[in-house]
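Visitor: One file: entry-v4.tsv (TSV, C-alpha atoms).
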chain	number	residue	atom	x	y	z
C	10	MET	CA	187.95	25.58	-35.56
C	11	ALA	CA	189.95	25.82	-32.40
C	12	ASP	CA	191.88	22.59	-32.88
C	13	ALA	CA	195.65	22.88	-32.71
C	14	ARG	CA	197.39	23.27	-36.03
C	15	LYS	CA	200.38	21.21	-37.08
C	16	SER	CA	203.50	23.17	-36.27
C	17	MET	CA	207.17	22.55	-35.64
C	18	ILE	CA	210.11	24.26	-33.94
C	19	LYS	CA	213.62	23.33	-35.03
C	20	ILE	CA	216.86	24.37	-33.38
C	21	LYS	CA	219.91	24.34	-35.65
C	22	PRO	CA	222.52	22.96	-35.26
C	23	LYS	CA	221.31	19.95	-33.25
C	24	LYS	CA	224.22	19.99	-30.80
C	25	TYR	CA	224.95	23.25	-29.01
C	26	LYS	CA	226.54	24.61	-25.84
C	27	VAL	CA	225.69	27.47	-23.49
C	28	GLY	CA	226.78	30.68	-25.18
C	29	ASP	CA	226.30	29.39	-28.73
C	30	THR	CA	224.10	31.29	-31.16
C	31	VAL	CA	221.53	28.96	-32.69
C	32	LYS	CA	218.91	29.33	-35.40
C	33	VAL	CA	215.32	28.88	-34.23
C	34	ASP	CA	213.04	27.84	-37.11
C	35	PHE	CA	209.27	27.80	-36.82
C	36	ILE	CA	206.95	26.26	-39.42
C	37	VAL	CA	203.14	26.05	-39.19
C	38	ILE	CA	200.53	24.53	-41.53
C	39	HIS	CA	198.20	27.45	-42.28
C	40	PRO	CA	196.29	28.51	-45.47
C	41	MET	CA	197.26	32.24	-45.26
C	42	ASP	CA	194.30	33.26	-47.47
C	43	THR	CA	194.56	36.80	-48.79
C	44	GLY	CA	190.83	37.37	-49.22
C	45	MET	CA	191.19	37.71	-53.00
C	46	LYS	CA	191.33	34.09	-54.11
C	47	LYS	CA	188.22	32.19	-55.24
C	48	ASP	CA	187.29	28.75	-53.99
C	49	LYS	CA	187.37	26.46	-57.04
C	50	LYS	CA	184.46	24.30	-55.83
C	51	THR	CA	181.92	26.94	-54.78
C	52	GLY	CA	183.07	29.91	-56.89
C	53	LYS	CA	182.89	32.22	-53.88
C	54	VAL	CA	185.74	34.41	-52.68
C	55	LYS	CA	187.48	32.93	-49.64
C	56	PRO	CA	187.60	35.35	-46.69
C	57	ALA	CA	191.01	36.57	-45.54
C	58	HIS	CA	192.55	34.16	-43.06
C	59	TYR	CA	196.16	34.71	-42.07
C	60	ILE	CA	198.42	34.67	-39.01
C	61	ASP	CA	198.84	38.23	-37.76
C	62	SER	CA	201.09	38.00	-34.72
C	63	ILE	CA	203.81	35.69	-33.45
C	64	THR	CA	205.80	35.79	-30.20
C	65	PHE	CA	208.97	33.81	-29.54
C	66	SER	CA	209.75	33.48	-25.84
C	67	PHE	CA	212.26	31.67	-23.63
C	68	ASP	CA	210.90	30.55	-20.23
C	69	GLY	CA	208.10	33.12	-20.48
C	70	LYS	CA	210.38	36.00	-21.47
C	71	PRO	CA	209.60	37.17	-25.04
C	72	PHE	CA	212.69	37.82	-27.17
C	73	THR	CA	211.17	38.35	-30.62
C	74	THR	CA	207.72	39.57	-31.62
C	75	MET	CA	206.39	39.74	-35.16
C	76	LYS	CA	203.45	41.26	-36.98
C	77	ILE	CA	202.58	39.38	-40.14
C	78	TRP	CA	200.33	40.20	-43.11
C	79	GLU	CA	198.79	38.41	-46.10
C	80	SER	CA	201.92	38.62	-48.25
C	81	ILE	CA	203.61	35.77	-46.38
C	82	SER	CA	203.42	32.38	-48.17
C	83	THR	CA	201.08	29.51	-47.38
C	84	ASN	CA	202.42	27.25	-44.59
C	85	PRO	CA	204.70	30.03	-43.34
C	86	TYR	CA	208.29	29.62	-42.19
C	87	PHE	CA	210.07	32.04	-39.88
C	88	SER	CA	213.62	31.91	-38.65
C	89	VAL	CA	215.48	34.00	-36.08
C	90	LYS	CA	218.73	33.58	-34.15
C	91	TYR	CA	219.05	33.20	-30.41
C	92	LYS	CA	221.92	32.96	-27.90
C	93	VAL	CA	221.59	29.96	-25.61
C	94	THR	CA	221.79	31.01	-21.96
C	95	GLY	CA	220.93	27.72	-20.27
C	96	LYS	CA	218.34	24.99	-19.91
C	97	GLY	CA	214.74	25.98	-20.53
C	98	LYS	CA	211.91	26.02	-23.01
C	99	ILE	CA	211.33	28.02	-26.20
C	100	THR	CA	207.64	28.77	-26.77
C	101	VAL	CA	206.05	30.24	-29.89
C	102	ASP	CA	202.56	31.74	-29.49
C	103	TYR	CA	200.66	32.72	-32.62
C	104	THR	CA	197.23	34.17	-33.36
C	105	ASP	CA	195.41	34.71	-36.67
C	106	ASN	CA	192.95	37.35	-37.84
C	107	GLN	CA	189.97	35.07	-37.11
C	108	GLY	CA	190.91	34.86	-33.44
C	109	GLU	CA	192.52	31.41	-33.44
C	110	LYS	CA	195.19	31.11	-30.73
C	111	ASN	CA	197.81	28.38	-30.60
C	112	SER	CA	201.23	27.76	-29.14
C	113	LYS	CA	204.09	25.32	-29.54
C	114	SER	CA	207.11	24.76	-27.36
C	115	LYS	CA	210.43	22.92	-27.44
C	116	LYS	CA	212.94	22.14	-24.70
C	117	VAL	CA	216.39	23.66	-24.88
C	118	LYS	CA	219.07	21.21	-23.72
C	119	PRO	CA	222.60	22.57	-24.10
C	120	LYS	CA	225.44	20.07	-23.77
C	121	GLY	CA	228.63	20.92	-21.94
I	25	MET	CA	135.62	62.34	-40.26
I	26	GLU	CA	137.21	59.21	-38.89
I	27	ARG	CA	137.79	57.81	-42.32
I	28	ARG	CA	139.60	60.97	-43.43
I	29	LYS	CA	141.94	60.84	-40.40
I	30	PHE	CA	142.69	57.23	-41.09
I	31	ILE	CA	143.71	57.95	-44.69
I	32	GLN	CA	145.88	60.87	-43.61
I	33	SER	CA	147.74	58.74	-41.10
I	34	MET	CA	148.33	56.09	-43.77
I	35	PHE	CA	149.94	58.71	-46.01
I	36	ALA	CA	152.16	59.88	-43.19
I	37	VAL	CA	153.45	56.37	-42.47
I	38	SER	CA	154.20	55.66	-46.13
I	39	ALA	CA	156.03	58.98	-46.46
I	40	VAL	CA	158.27	58.09	-43.51
I	41	ALA	CA	158.99	54.71	-45.08
I	42	VAL	CA	159.96	56.29	-48.41
I	43	VAL	CA	162.31	58.74	-46.70
I	44	SER	CA	163.97	56.09	-44.55
I	45	THR	CA	164.81	53.47	-47.19
I	46	PRO	CA	167.26	55.46	-49.35
I	47	SER	CA	169.26	56.57	-46.32
I	48	MET	CA	169.69	52.95	-45.24
I	49	VAL	CA	170.98	52.00	-48.67
I	50	MET	CA	173.48	54.86	-48.46
I	51	ALA	CA	174.75	53.56	-45.11
I	52	GLU	CA	175.38	50.13	-46.60
I	53	ASP	CA	177.36	51.66	-49.45
I	54	ALA	CA	179.53	53.54	-46.98
I	55	LYS	CA	180.23	50.28	-45.16
I	56	LYS	CA	181.44	48.65	-48.37
I	57	ALA	CA	183.73	51.58	-49.14
I	58	SER	CA	185.36	51.45	-45.70
I	59	LYS	CA	185.96	47.70	-45.96
I	60	LYS	CA	189.61	48.31	-46.90
I	61	GLY	CA	191.97	46.36	-44.67
I	62	PRO	CA	194.37	48.03	-42.22
I	63	ASN	CA	197.30	47.02	-44.42
I	64	ASP	CA	195.78	48.10	-47.75
I	65	MET	CA	198.26	50.85	-48.61
I	66	PRO	CA	200.91	51.58	-51.24
I	67	PHE	CA	204.64	51.26	-50.59
I	68	ASP	CA	205.47	54.95	-49.94
I	69	GLU	CA	202.67	55.29	-47.41
I	70	ALA	CA	203.78	52.13	-45.59
I	71	VAL	CA	207.33	53.47	-45.28
I	72	LYS	CA	205.95	56.73	-43.82
I	73	VAL	CA	203.84	54.82	-41.28
I	74	ILE	CA	206.86	52.80	-40.12
I	75	THR	CA	209.50	55.55	-39.98
I	76	GLY	CA	207.23	58.44	-39.04
I	77	GLY	CA	208.59	60.55	-41.90
I	78	LYS	CA	212.26	60.09	-40.96
I	79	GLU	CA	215.01	59.90	-43.56
I	80	VAL	CA	215.99	56.39	-44.69
I	81	LYS	CA	219.58	55.79	-45.86
I	82	GLU	CA	220.74	53.08	-48.23
I	83	SER	CA	223.30	50.94	-46.43
I	84	ASP	CA	225.59	48.04	-47.25
I	85	LYS	CA	225.40	46.81	-43.65
I	86	ILE	CA	222.27	44.88	-44.58
I	87	LYS	CA	222.75	41.63	-46.45
I	88	LEU	CA	219.49	40.88	-48.26
I	89	LYS	CA	219.48	37.47	-49.88
I	90	ALA	CA	216.73	36.80	-52.41
I	91	PRO	CA	216.57	34.89	-55.72
I	92	GLU	CA	217.09	36.94	-58.91
I	93	ILE	CA	214.44	34.93	-60.73
I	94	ALA	CA	211.53	33.35	-58.89
I	95	GLU	CA	209.72	30.76	-61.00
I	96	ASN	CA	206.86	30.48	-58.52
I	97	GLY	CA	205.71	33.77	-57.01
I	98	ALA	CA	203.80	31.98	-54.24
I	99	VAL	CA	206.98	30.94	-52.43
I	100	VAL	CA	209.96	33.31	-52.55
I	101	PRO	CA	212.58	32.81	-49.80
I	102	ILE	CA	213.97	36.02	-48.26
I	103	LYS	CA	216.90	36.25	-45.84
I	104	VAL	CA	218.04	39.39	-44.03
I	105	GLU	CA	221.21	39.72	-41.97
I	106	VAL	CA	222.34	42.99	-40.42
I	107	ASP	CA	226.01	43.62	-39.64
I	108	TYR	CA	225.50	45.61	-36.44
I	109	PRO	CA	226.39	44.93	-32.78
I	110	MET	CA	223.72	43.42	-30.53
I	111	THR	CA	224.44	44.76	-27.04
I	112	GLU	CA	222.18	46.33	-24.41
I	113	LYS	CA	223.13	49.83	-25.61
I	114	GLU	CA	223.02	49.47	-29.36
I	115	TYR	CA	221.16	46.79	-31.24
I	116	VAL	CA	218.95	46.11	-34.25
I	117	LYS	CA	215.48	47.01	-33.01
I	118	GLU	CA	213.27	46.06	-35.92
I	119	ILE	CA	213.37	44.49	-39.38
I	120	HIS	CA	210.57	45.24	-41.83
I	121	ILE	CA	210.08	43.35	-45.08
I	122	LEU	CA	208.21	45.37	-47.72
I	123	ASN	CA	207.22	44.76	-51.32
I	124	THR	CA	206.66	47.47	-53.93
I	125	ALA	CA	203.90	46.11	-56.21
I	126	ASN	CA	201.55	43.88	-54.17
I	127	GLY	CA	198.35	45.55	-52.95
I	128	ASN	CA	199.53	45.23	-49.36
I	129	ALA	CA	203.02	46.64	-49.07
I	130	ARG	CA	203.94	45.27	-45.63
I	131	CYS	CA	204.93	41.61	-45.40
I	132	ALA	CA	206.37	41.32	-41.91
I	133	ASP	CA	207.46	43.52	-38.99
I	134	VAL	CA	209.97	41.83	-36.69
I	135	MET	CA	210.88	43.32	-33.31
I	136	LEU	CA	214.22	42.01	-32.03
I	137	THR	CA	215.95	42.25	-28.64
I	138	PRO	CA	219.63	41.90	-27.62
I	139	ALA	CA	218.86	38.25	-26.67
I	140	ASN	CA	218.83	37.41	-30.39
I	141	GLU	CA	222.62	38.05	-30.59
I	142	VAL	CA	222.45	38.50	-34.40
I	143	GLY	CA	220.14	40.74	-36.42
I	144	TYR	CA	218.80	37.95	-38.57
I	145	PHE	CA	215.40	37.07	-40.04
I	146	SER	CA	214.30	34.67	-42.75
I	147	THR	CA	210.90	33.86	-44.23
I	148	ARG	CA	209.02	33.12	-47.48
I	149	VAL	CA	206.76	35.66	-49.21
I	150	LYS	CA	204.15	35.80	-51.97
I	151	LEU	CA	204.80	38.14	-54.92
I	152	SER	CA	202.19	39.05	-57.52
I	153	LYS	CA	204.61	40.19	-60.27
I	154	THR	CA	208.19	41.28	-60.96
I	155	GLN	CA	209.12	43.86	-58.33
I	156	ASP	CA	211.55	44.98	-55.62
I	157	ILE	CA	211.79	43.64	-52.08
I	158	VAL	CA	212.93	46.17	-49.49
I	159	ALA	CA	214.39	45.40	-46.06
I	160	LEU	CA	213.89	48.40	-43.77
I	161	VAL	CA	215.92	48.15	-40.58
I	162	GLY	CA	215.35	50.29	-37.50
I	163	LEU	CA	218.31	50.70	-35.13
I	164	SER	CA	218.15	51.37	-31.38
I	165	ASP	CA	219.32	54.99	-31.84
I	166	GLY	CA	216.18	55.76	-33.85
I	167	THR	CA	217.71	55.83	-37.34
I	168	PHE	CA	216.57	53.73	-40.27
I	169	ILE	CA	218.60	52.04	-42.99
I	170	LYS	CA	217.45	49.99	-45.97
I	171	ALA	CA	218.52	47.63	-48.73
I	172	SER	CA	216.59	46.38	-51.72
I	173	ALA	CA	216.70	43.56	-54.25
I	174	SER	CA	214.76	43.17	-57.48
I	175	ILE	CA	213.11	39.84	-58.16
I	176	LYS	CA	211.84	38.61	-61.53
I	177	VAL	CA	208.64	36.64	-61.04
I	178	THR	CA	207.65	34.17	-63.77
I	179	ILE	CA	204.23	33.13	-62.38
I	180	GLY	CA	202.50	35.42	-59.88
I	181	GLY	CA	201.45	33.94	-56.56
I	182	CYS	CA	198.63	36.19	-55.39
I	183	GLY	CA	195.46	34.64	-56.74
Just give me the structure as structure tokens.
Guide:
Amino acid sequence: MADARKSMIKIKPKKYKVGDTVKVDFIVIHPMDTGMKKDKKTGKVKPAHYIDSITFSFDGKPFTTMKIWESISTNPYFSVKYKVTGKGKITVDYTDNQGEKNSKSKKVKPKG
Amino acid sequence: MERRKFIQSMFAVSAVAVVSTPSMVMAEDAKKASKKGPNDMPFDEAVKVITGGKEVKESDKIKLKAPEIAENGAVVPIKVEVDYPMTEKEYVKEIHILNTANGNARCADVMLTPANEVGYFSTRVKLSKTQDIVALVGLSDGTFIKASASIKVTIGGCG
């Protein structure tokens, strides 16, 4: 169960300079089960399984933290804005209610 | 004599067994009743938990973008942008997305810092039926403002 999930960080726009405000998008493949839906094959209710906390950080310094509940869609998408201060790495750490921990990071390379 | 004692002890053991079983069943029932999740609360209660009973003002500083009609309730895009400065002294501290008719009122709590530069958050939510979406924004001076949008849901997305 502890295998890394498919996830992606996108920085928009693609070309940016120091001092620009960019959009940081984060998408992860996750079922986000509410604990109310039935499995069509077995007829049993699927247990709740959803991401409950997310932390966006730049070079180890967190700049946005989130608490998430079941009402967020399957394969969730989150987007925040961030002011580029220099070269570094944006990391997103996320955990779900069944104790799964994962993280994803992307390099920040401002031009000019 | 020995036989009599033996029978008496048998009765005593069975009596203990009879007394103990119903109480165990009761304990299991109590467990089921307390199985409610930490987020299983109606909208008004959720607002109270977040604000701590403080007054919440309607404000046009919040731009809440949501579709008027959502054909699929399982994926409804929501976008919140707050027109407020983001400096060390005054900034948008938190953005909460709430729904009014799902069983679990809270969708997301987002804690921002001045490093974000803009009070902005976007995501996709599940809606069970036609209802309102509320963006509750907490500012660094401790006050709360809100904006809401009603969404017509054609097919519910909660099960």
Visitor: Could you list, as an MDAnalysis selection string, the residues of chain I having an atom within 7 Å of chain C when counting all atoms listed in the file?
Guide: chainID I and resid 98:99 130:137 139:142 144:150 183
Visitor: I'd like the neighbourhood of Ala70 of chain I as a PyMOL selection string, where a residue qualifies if any of its atoms comes within 8 Å (using all atoms listed in the file), though same-chain residues fewer than 4 positions away should be ignored.
Guide: chain I and resi 65-66+74+129-130
Visitor: Measuring between only C-alpha atoms, which one of I:Val104, I:Met110, I:Leu151, I:Leu88 shows the shortest distance to Asn123 of chain I?
Guide: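 The shortest atom-to-atom distance to Asn123 of chain I comes from I:Leu151.
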Visitor: First collect every listed atom of segment 26-29 of chain C; then fit an axis-aligned box around them, widen it by 8 Å on each side, and give centre and edge lengths in Å to one decimal, as AutoDock Vina command-line options.
Guide:
--center_x 226.2 --center_y 27.6 --center_z -26.1 --size_x 17.1 --size_y 22.1 --size_z 21.2
Visitor: Which one is closest to Thr167 of chain I: I:Ile179, I:Ala125, I:Ile102, I:Val116? Count all atoms listed in the file.
Guide: I:Val116
Visitor: Could you list as a PyMOL selection string every residue that has an atom within 12 Å of (223.3, 57.0, -49.7), using the file's coordinates and counting all atoms listed in the file?
Guide: chain I and resi 79-84+169-171
Visitor: Export, as a CSV table (one decimal), keeping the file's coordinate frame, the selected residues with C-alpha atoms.
Guide:
chain,number,residue,atom,x,y,z
I,79,GLU,CA,215.0,59.9,-43.6
I,80,VAL,CA,216.0,56.4,-44.7
I,81,LYS,CA,219.6,55.8,-45.9
I,82,GLU,CA,220.7,53.1,-48.2
I,83,SER,CA,223.3,50.9,-46.4
I,84,ASP,CA,225.6,48.0,-47.2
I,169,ILE,CA,218.6,52.0,-43.0
I,170,LYS,CA,217.4,50.0,-46.0
I,171,ALA,CA,218.5,47.6,-48.7
Visitor: Have a look at C:Gly95, C:Lys21, C:Val37, C:His58 and name the one nearest to Lys118 of chain C; count only C-alpha atoms.
Guide: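 Nearest candidate to Lys118 of chain C out of C:Gly95, C:Lys21, C:Val37, C:His58: C:Gly95.
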Visitor: Which distance in Å separates atom CA of Phe65 of chain C and atom CA of Tyr103 of chain C, to one decimal?
Guide: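 Spanning atom CA of Phe65 of chain C to atom CA of Tyr103 of chain C is a straight-line distance of 8.9 Å.
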Visitor: Which distance in Å separates atom CA of Pro22 of chain C and atom CA of Pro119 of chain C, to one decimal?
Guide: 11.2 Å
Visitor: What lies within 6 Å of Tyr59 of chain C using all atoms listed in the file, ignoring chain neighbours under 2 positions off, as a VMD selection string?
Guide: chain C and resid 41 to 42 105 to 106
Visitor: Could you work out how far atom CA of Lys117 of chain I lies from atom CA of Val161 of chain I, giving the answer in Å with one decimal?
Guide: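 Straight-line distance from atom CA of Val161 of chain I to atom CA of Lys117 of chain I works out to 7.7 Å.
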Visitor: Around (222.5, 49.8, -26.8) in the file's own coordinates, what residues are found within 12 Å if you use only C-alpha atoms, given back as a list of chain:residue names?
Guide: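 Final list of nearby residues, as requested, is I:Tyr108, I:Pro109, I:Met110, I:Thr111, I:Glu112, I:Lys113, I:Glu114, I:Tyr115, I:Val116, I:Lys117, I:Thr137, I:Pro138, I:Leu163, I:Ser164, I:Asp165, I:Gly166.
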